[in-house]
file upload33.txt (compact mmCIF, C-alpha atoms)
# COMPACT_ATOMS: atom_id res chain seq x y z
CA MET A 1 18.15 69.34 -103.25
CA SER A 2 15.10 71.59 -103.48
CA ALA A 3 13.75 73.38 -100.40
CA ALA A 4 10.66 71.17 -100.49
CA HIS A 5 12.77 68.07 -99.80
CA LYS A 6 14.86 69.51 -97.01
CA HIS A 7 14.04 68.83 -93.39
CA ASP A 8 13.20 71.60 -90.98
CA GLU A 9 14.81 71.34 -87.57
CA GLY A 10 13.08 69.10 -85.06
CA VAL A 11 12.83 69.56 -81.31
CA LEU A 12 14.73 68.04 -78.40
CA LEU A 13 12.41 68.01 -75.38
CA VAL A 14 14.30 67.61 -72.11
CA VAL A 15 11.96 66.77 -69.22
CA SER A 16 13.12 66.73 -65.59
CA GLY A 17 11.61 66.85 -62.15
CA PRO A 18 12.00 65.44 -58.67
CA SER A 19 11.10 61.84 -57.91
CA GLY A 20 7.36 61.74 -57.32
CA ALA A 21 6.59 64.79 -59.48
CA GLY A 22 5.11 62.56 -62.19
CA LYS A 23 7.55 63.24 -65.03
CA GLY A 24 7.63 59.58 -66.06
CA THR A 25 3.84 59.37 -66.17
CA ILE A 26 3.66 62.58 -68.23
CA CYS A 27 6.32 61.32 -70.66
CA ASP A 28 4.48 57.99 -71.05
CA ALA A 29 1.25 59.88 -71.82
CA LEU A 30 3.05 62.05 -74.39
CA ARG A 31 4.38 58.99 -76.17
CA ARG A 32 0.91 57.39 -76.28
CA LEU A 33 -0.69 60.57 -77.63
CA HIS A 34 2.17 61.29 -80.04
CA PRO A 35 3.61 57.99 -81.27
CA GLU A 36 5.83 59.95 -83.68
CA ILE A 37 7.94 61.13 -80.74
CA ARG A 38 11.33 59.43 -80.56
CA TYR A 39 12.59 58.43 -77.13
CA SER A 40 16.27 58.82 -76.37
CA ILE A 41 17.95 55.47 -75.62
CA SER A 42 20.87 55.63 -73.19
CA VAL A 43 24.21 53.86 -73.41
CA THR A 44 25.04 51.94 -70.23
CA THR A 45 27.75 49.72 -68.82
CA ARG A 46 25.44 47.92 -66.42
CA PRO A 47 24.71 44.23 -67.14
CA GLN A 48 21.83 43.44 -69.48
CA ARG A 49 18.85 42.07 -67.57
CA VAL A 50 16.58 39.23 -68.64
CA GLY A 51 14.03 40.48 -71.15
CA GLU A 52 15.98 43.61 -72.08
CA VAL A 53 16.89 44.16 -75.72
CA ASP A 54 20.08 45.89 -76.80
CA GLY A 55 19.19 49.01 -78.79
CA VAL A 56 15.65 49.07 -77.38
CA ASN A 57 15.97 49.37 -73.59
CA TYR A 58 19.59 50.52 -73.62
CA PHE A 59 22.70 50.34 -75.75
CA PHE A 60 24.82 47.98 -73.63
CA THR A 61 28.58 48.43 -73.75
CA SER A 62 31.77 47.84 -71.76
CA VAL A 63 33.38 50.31 -69.37
CA ASP A 64 36.41 50.64 -71.68
CA LYS A 65 34.22 51.39 -74.68
CA PHE A 66 32.18 53.90 -72.67
CA LYS A 67 35.36 55.69 -71.59
CA ASP A 68 36.55 55.76 -75.20
CA MET A 69 33.24 57.41 -76.14
CA LEU A 70 33.75 59.94 -73.34
CA GLN A 71 37.14 60.84 -74.77
CA GLN A 72 35.47 61.35 -78.16
CA ASP A 73 32.84 63.67 -76.59
CA ALA A 74 30.16 61.26 -77.84
CA PHE A 75 27.61 62.06 -75.11
CA LEU A 76 25.24 64.96 -74.57
CA GLU A 77 25.41 64.02 -70.90
CA TYR A 78 26.55 61.15 -68.72
CA ALA A 79 26.56 60.03 -65.11
CA GLU A 80 28.01 57.29 -62.93
CA VAL A 81 25.38 55.57 -60.79
CA TYR A 82 26.32 52.74 -58.42
CA ASN A 83 29.54 52.02 -60.34
CA ASN A 84 27.74 51.87 -63.69
CA TYR A 85 27.88 54.52 -66.39
CA TYR A 86 24.89 55.93 -68.26
CA GLY A 87 25.08 58.36 -71.16
CA THR A 88 22.90 60.02 -73.81
CA PRO A 89 24.48 59.48 -77.25
CA ARG A 90 24.99 62.85 -78.93
CA LYS A 91 24.98 61.73 -82.58
CA GLN A 92 21.91 59.52 -82.37
CA VAL A 93 19.82 62.25 -80.71
CA LEU A 94 20.97 65.20 -82.81
CA ASP A 95 20.70 63.25 -86.08
CA LEU A 96 17.01 62.66 -85.30
CA VAL A 97 16.50 66.35 -84.43
CA HIS A 98 18.22 67.43 -87.66
CA GLU A 99 15.89 65.08 -89.56
CA GLY A 100 12.93 67.05 -88.17
CA LYS A 101 11.94 64.60 -85.44
CA THR A 102 10.80 65.40 -81.90
CA VAL A 103 13.08 63.60 -79.43
CA LEU A 104 12.09 63.16 -75.79
CA LEU A 105 14.77 62.95 -73.12
CA GLU A 106 13.61 62.23 -69.56
CA ILE A 107 16.55 62.97 -67.32
CA ASP A 108 17.62 64.33 -63.94
CA ILE A 109 18.46 67.98 -63.45
CA GLN A 110 22.24 67.49 -63.43
CA GLY A 111 22.10 65.67 -66.75
CA ALA A 112 19.80 68.32 -68.20
CA MET A 113 22.30 71.05 -67.33
CA GLN A 114 25.00 69.09 -69.21
CA VAL A 115 22.70 68.84 -72.23
CA LYS A 116 21.96 72.57 -72.07
CA LYS A 117 25.67 73.38 -72.31
CA LYS A 118 26.13 71.19 -75.38
CA TYR A 119 22.77 71.80 -77.07
CA PRO A 120 21.19 75.03 -75.75
CA GLU A 121 18.60 74.87 -78.57
CA GLY A 122 16.81 72.11 -76.64
CA ILE A 123 13.50 72.81 -74.88
CA PHE A 124 13.89 72.30 -71.14
CA ILE A 125 10.77 71.52 -69.09
CA TYR A 126 10.78 71.08 -65.32
CA ILE A 127 7.88 69.19 -63.75
CA VAL A 128 7.00 70.10 -60.17
CA PRO A 129 4.30 68.96 -57.75
CA PRO A 130 1.94 71.66 -56.43
CA SER A 131 3.72 71.69 -53.05
CA LEU A 132 6.43 69.97 -51.05
CA GLN A 133 3.68 68.54 -48.82
CA GLU A 134 2.01 66.94 -51.85
CA LEU A 135 5.34 65.54 -53.04
CA SER A 136 5.94 64.07 -49.58
CA HIS A 137 2.47 62.51 -49.65
CA ARG A 138 3.10 60.97 -53.09
CA LEU A 139 6.47 59.53 -52.10
CA TYR A 140 5.06 57.94 -48.95
CA ALA A 141 1.98 56.68 -50.84
CA ARG A 142 4.19 54.88 -53.39
CA ASP A 143 5.63 52.83 -50.53
CA THR A 144 8.77 52.03 -52.52
CA ASP A 145 11.38 53.82 -50.38
CA SER A 146 12.32 53.94 -46.72
CA LYS A 147 11.57 57.02 -44.62
CA GLU A 148 15.28 57.94 -44.73
CA VAL A 149 15.39 57.77 -48.55
CA ILE A 150 12.23 59.85 -48.83
CA GLN A 151 13.70 62.52 -46.54
CA MET A 152 16.82 62.58 -48.73
CA ARG A 153 14.68 62.98 -51.86
CA LEU A 154 12.75 65.87 -50.31
CA ALA A 155 15.97 67.63 -49.26
CA LYS A 156 17.33 67.17 -52.80
CA VAL A 157 14.24 68.89 -54.25
CA ILE A 158 14.91 71.99 -52.17
CA SER A 159 18.56 72.11 -53.30
CA GLU A 160 17.51 71.69 -56.96
CA LEU A 161 15.05 74.58 -57.02
CA GLU A 162 17.80 77.07 -57.84
CA LEU A 163 18.82 75.05 -60.91
CA ALA A 164 15.16 74.80 -61.96
CA HIS A 165 15.40 78.47 -62.95
CA GLN A 166 17.66 77.37 -65.82
CA TYR A 167 14.72 75.66 -67.53
CA ASP A 168 12.53 77.21 -70.24
CA TYR A 169 9.23 76.04 -68.77
CA ILE A 170 7.90 74.99 -65.37
CA VAL A 171 4.82 72.75 -65.39
CA VAL A 172 2.97 72.17 -62.12
CA ASN A 173 1.61 68.63 -62.03
CA ASP A 174 -1.48 69.18 -59.90
CA LYS A 175 -3.92 67.41 -62.22
CA LEU A 176 -2.24 64.94 -64.54
CA ASP A 177 -4.40 65.56 -67.63
CA GLU A 178 -3.84 69.31 -67.38
CA ALA A 179 -0.08 68.86 -66.94
CA VAL A 180 0.07 66.61 -70.00
CA ASP A 181 -1.92 69.18 -72.01
CA LYS A 182 0.53 71.91 -70.99
CA VAL A 183 3.56 69.89 -72.10
CA ARG A 184 1.79 69.07 -75.39
CA ALA A 185 1.05 72.77 -75.89
CA ILE A 186 4.72 73.61 -75.32
CA MET A 187 5.77 70.96 -77.84
CA VAL A 188 3.32 72.16 -80.51
CA ALA A 189 4.23 75.82 -80.00
CA GLU A 190 7.95 75.12 -80.21
CA ARG A 191 7.48 73.12 -83.41
CA CYS A 192 5.68 76.11 -84.94
CA LYS A 193 8.54 78.54 -84.25
CA LEU A 194 9.72 80.36 -87.34
CA SER A 195 13.34 79.50 -86.54
CA ARG A 196 12.51 75.78 -86.89
CA ASN A 197 10.46 76.13 -90.08
CA LYS A 198 12.63 78.13 -92.45
CA GLU A 199 12.51 75.53 -95.22
CA GLN A 200 8.73 75.26 -95.00
CA ILE A 201 8.32 79.05 -94.98
CA ASP A 202 10.61 79.39 -98.01
CA THR A 203 8.54 76.77 -99.85
CA ILE A 204 5.25 78.50 -98.98
CA PHE A 205 6.56 81.90 -100.06
CA GLU A 206 7.89 80.41 -103.26
CA LYS A 207 4.41 79.04 -104.06
CA TYR A 208 2.79 82.40 -103.34
CA ILE A 209 5.26 84.29 -105.51
CA THR A 210 4.93 81.80 -108.38
CA ARG A 211 1.15 82.02 -108.18
CA GLU A 212 1.26 85.83 -108.29
CA VAL A 213 3.59 85.83 -111.29
CA MET A 214 1.37 83.40 -113.17
call {"tool": "encode", "arguments": {"input": "upload33.txt", "output": "structure tokens"}}
result
Amino acid sequence: MSAAHKHDEGVLLVVSGPSGAGKGTICDALRRLHPEIRYSISVTTRPQRVGEVDGVNYFFTSVDKFKDMLQQDAFLEYAEVYNNYYGTPRKQVLDLVHEGKTVLLEIDIQGAMQVKKKYPEGIFIYIVPPSLQELSHRLYARDTDSKEVIQMRLAKVISELELAHQYDYIVVNDKLDEAVDKVRAIMVAERCKLSRNKEQIDTIFEKYITREVM
């Protein structure tokens, strides 16, 4: 196969942040602005809900099958939540990256650290609110959790700050549009890295050399 038909390496974007930081809203905006972005679909053992489509919302499977996949090291990361398992399928994600695609993985900080161990080439972005006071305000304003749950979430943020230093980028979500622009800028810059464009560079150089010889 000629260099022109080979795929340069894509990018795995791993986005994390505390509840209320706005990571989901930022990821949704990225997908609207860049429809070419592929979204990682998790494997889960939880029951399929009405309206959900297997292979679209989740890949639904049994506990036994999930455990078999664990034994085969088939996940970039996994977690058990309320007696159900959730995992990011390694092959599906990395195949897309190797095909030159940008894959977006929105995940908690513990899962992101698992991914970093197995695929350190990923781009790890941590979304934070401008202050703990602002985060508290957002969580209370959502009115979806009890006061006790909100206090637990705020305490968890403080404990996670040390792990946040393991990320490549920190984006402060003060103004949503600006935060989205920053994440887009990171994505574009990473896609332009020489290390991810060797095939394209070889092709360009080949054209230059051929032109000079002619």
call {"tool": "residues_around", "arguments": {"input": "upload33.txt", "residues": "A:Tyr140", "least_positions_apart": "4", "cutoff": "12 Å", "atoms": "only C-alpha atoms", "output": "tab-separated table (two decimals) with C-alpha atoms, in the coordinates of the input"}}
result
chain	number	residue	atom	x	y	z
A	19	SER	CA	11.10	61.84	-57.91
A	20	GLY	CA	7.36	61.74	-57.32
A	133	GLN	CA	3.68	68.54	-48.82
A	134	GLU	CA	2.01	66.94	-51.85
A	135	LEU	CA	5.34	65.54	-53.04
A	136	SER	CA	5.94	64.07	-49.58
A	144	THR	CA	8.77	52.03	-52.52
A	145	ASP	CA	11.38	53.82	-50.38
A	146	SER	CA	12.32	53.94	-46.72
A	147	LYS	CA	11.57	57.02	-44.62
A	148	GLU	CA	15.28	57.94	-44.73
A	149	VAL	CA	15.39	57.77	-48.55
A	150	ILE	CA	12.23	59.85	-48.83
A	151	GLN	CA	13.70	62.52	-46.54
A	153	ARG	CA	14.68	62.98	-51.86
A	154	LEU	CA	12.75	65.87	-50.31
call {"tool": "residues_around", "arguments": {"input": "upload33.txt", "residues": "A:Val15", "least_positions_apart": "6", "cutoff": "10 Å", "atoms": "all atoms listed in the file", "output": "PyMOL selection string"}}
result
chain A and resi 23-24+26-27+104-109+112+123-127+167+169-170+183
call {"tool": "closest_residue", "arguments": {"input": "upload33.txt", "among": "A:Gln166, A:His137, A:Lys67, A:Thr44", "to": "A:Tyr82", "atoms": "only C-alpha atoms"}}
result
A:Thr44
call {"tool": "residues_around", "arguments": {"input": "upload33.txt", "residues": "A:Pro89", "least_positions_apart": "2", "cutoff": "7 Å", "atoms": "all atoms listed in the file", "output": "list of chain:residue names"}}
result
A:Ser42, A:Val43, A:Ala74, A:Phe75, A:Leu76, A:Gly87, A:Lys91, A:Gln92, A:Val93
call {"tool": "write_last_selection", "arguments": {"input": "upload33.txt", "atoms": "C-alpha atoms", "output": "PDB file, keeping the file's coordinate frame"}}
result
ATOM      1  CA  SER A  42      20.870  55.630 -73.190  1.00  0.00           C
ATOM      2  CA  VAL A  43      24.210  53.860 -73.410  1.00  0.00           C
ATOM      3  CA  ALA A  74      30.160  61.260 -77.840  1.00  0.00           C
ATOM      4  CA  PHE A  75      27.610  62.060 -75.110  1.00  0.00           C
ATOM      5  CA  LEU A  76      25.240  64.960 -74.570  1.00  0.00           C
ATOM      6  CA  GLY A  87      25.080  58.360 -71.160  1.00  0.00           C
ATOM      7  CA  LYS A  91      24.980  61.730 -82.580  1.00  0.00           C
ATOM      8  CA  GLN A  92      21.910  59.520 -82.370  1.00  0.00           C
ATOM      9  CA  VAL A  93      19.820  62.250 -80.710  1.00  0.00           C
TER      10      VAL A  93
END
call {"tool": "closest_atom_pairs", "arguments": {"input": "upload33.txt", "of": "stretch 95-138 of chain A", "to": "stretch 196-206 of chain A", "cutoff": "12 Å", "atoms": "only C-alpha atoms", "output": "JSON lines"}}
result
{"residue": "A:Val97", "atom": "CA", "partner": "A:Arg196", "partner_atom": "CA", "distance": 10.5}
{"residue": "A:His98", "atom": "CA", "partner": "A:Arg196", "partner_atom": "CA", "distance": 10.1}
{"residue": "A:Glu99", "atom": "CA", "partner": "A:Arg196", "partner_atom": "CA", "distance": 11.5}
{"residue": "A:Gly100", "atom": "CA", "partner": "A:Arg196", "partner_atom": "CA", "distance": 8.8}
{"residue": "A:Lys101", "atom": "CA", "partner": "A:Arg196", "partner_atom": "CA", "distance": 11.3}
{"residue": "A:Thr102", "atom": "CA", "partner": "A:Arg196", "partner_atom": "CA", "distance": 11.6}
{"residue": "A:Glu121", "atom": "CA", "partner": "A:Arg196", "partner_atom": "CA", "distance": 10.4}
{"residue": "A:Gly122", "atom": "CA", "partner": "A:Arg196", "partner_atom": "CA", "distance": 11.7}
call {"tool": "write_last_selection", "arguments": {"input": "upload33.txt", "atoms": "C-alpha atoms", "output": "PDB file, in the coordinates of the input"}}
result
ATOM      1  CA  VAL A  97      16.500  66.350 -84.430  1.00  0.00           C
ATOM      2  CA  HIS A  98      18.220  67.430 -87.660  1.00  0.00           C
ATOM      3  CA  GLU A  99      15.890  65.080 -89.560  1.00  0.00           C
ATOM      4  CA  GLY A 100      12.930  67.050 -88.170  1.00  0.00           C
ATOM      5  CA  LYS A 101      11.940  64.600 -85.440  1.00  0.00           C
ATOM      6  CA  THR A 102      10.800  65.400 -81.900  1.00  0.00           C
ATOM      7  CA  GLU A 121      18.600  74.870 -78.570  1.00  0.00           C
ATOM      8  CA  GLY A 122      16.810  72.110 -76.640  1.00  0.00           C
TER       9      GLY A 122
END
call {"tool": "atom_distance", "arguments": {"input": "upload33.txt", "atom1": "atom CA of A:Asp64", "atom2": "atom CA of A:Glu77"}}
result
17.3 Å
call {"tool": "closest_residue", "arguments": {"input": "upload33.txt", "among": "A:Leu163, A:Leu96, A:Val157, A:Leu13", "to": "A:Pro129", "atoms": "all atoms listed in the file"}}
result
A:Val157
call {"tool": "atom_distance", "arguments": {"input": "upload33.txt", "atom1": "atom CA of A:Glu80", "atom2": "atom CA of A:Ser16"}}
result
17.8 Å
call {"tool": "closest_residue", "arguments": {"input": "upload33.txt", "among": "A:Tyr39, A:Tyr86, A:Tyr208, A:Tyr78", "to": "A:Phe60", "atoms": "only C-alpha atoms"}}
result
A:Tyr86
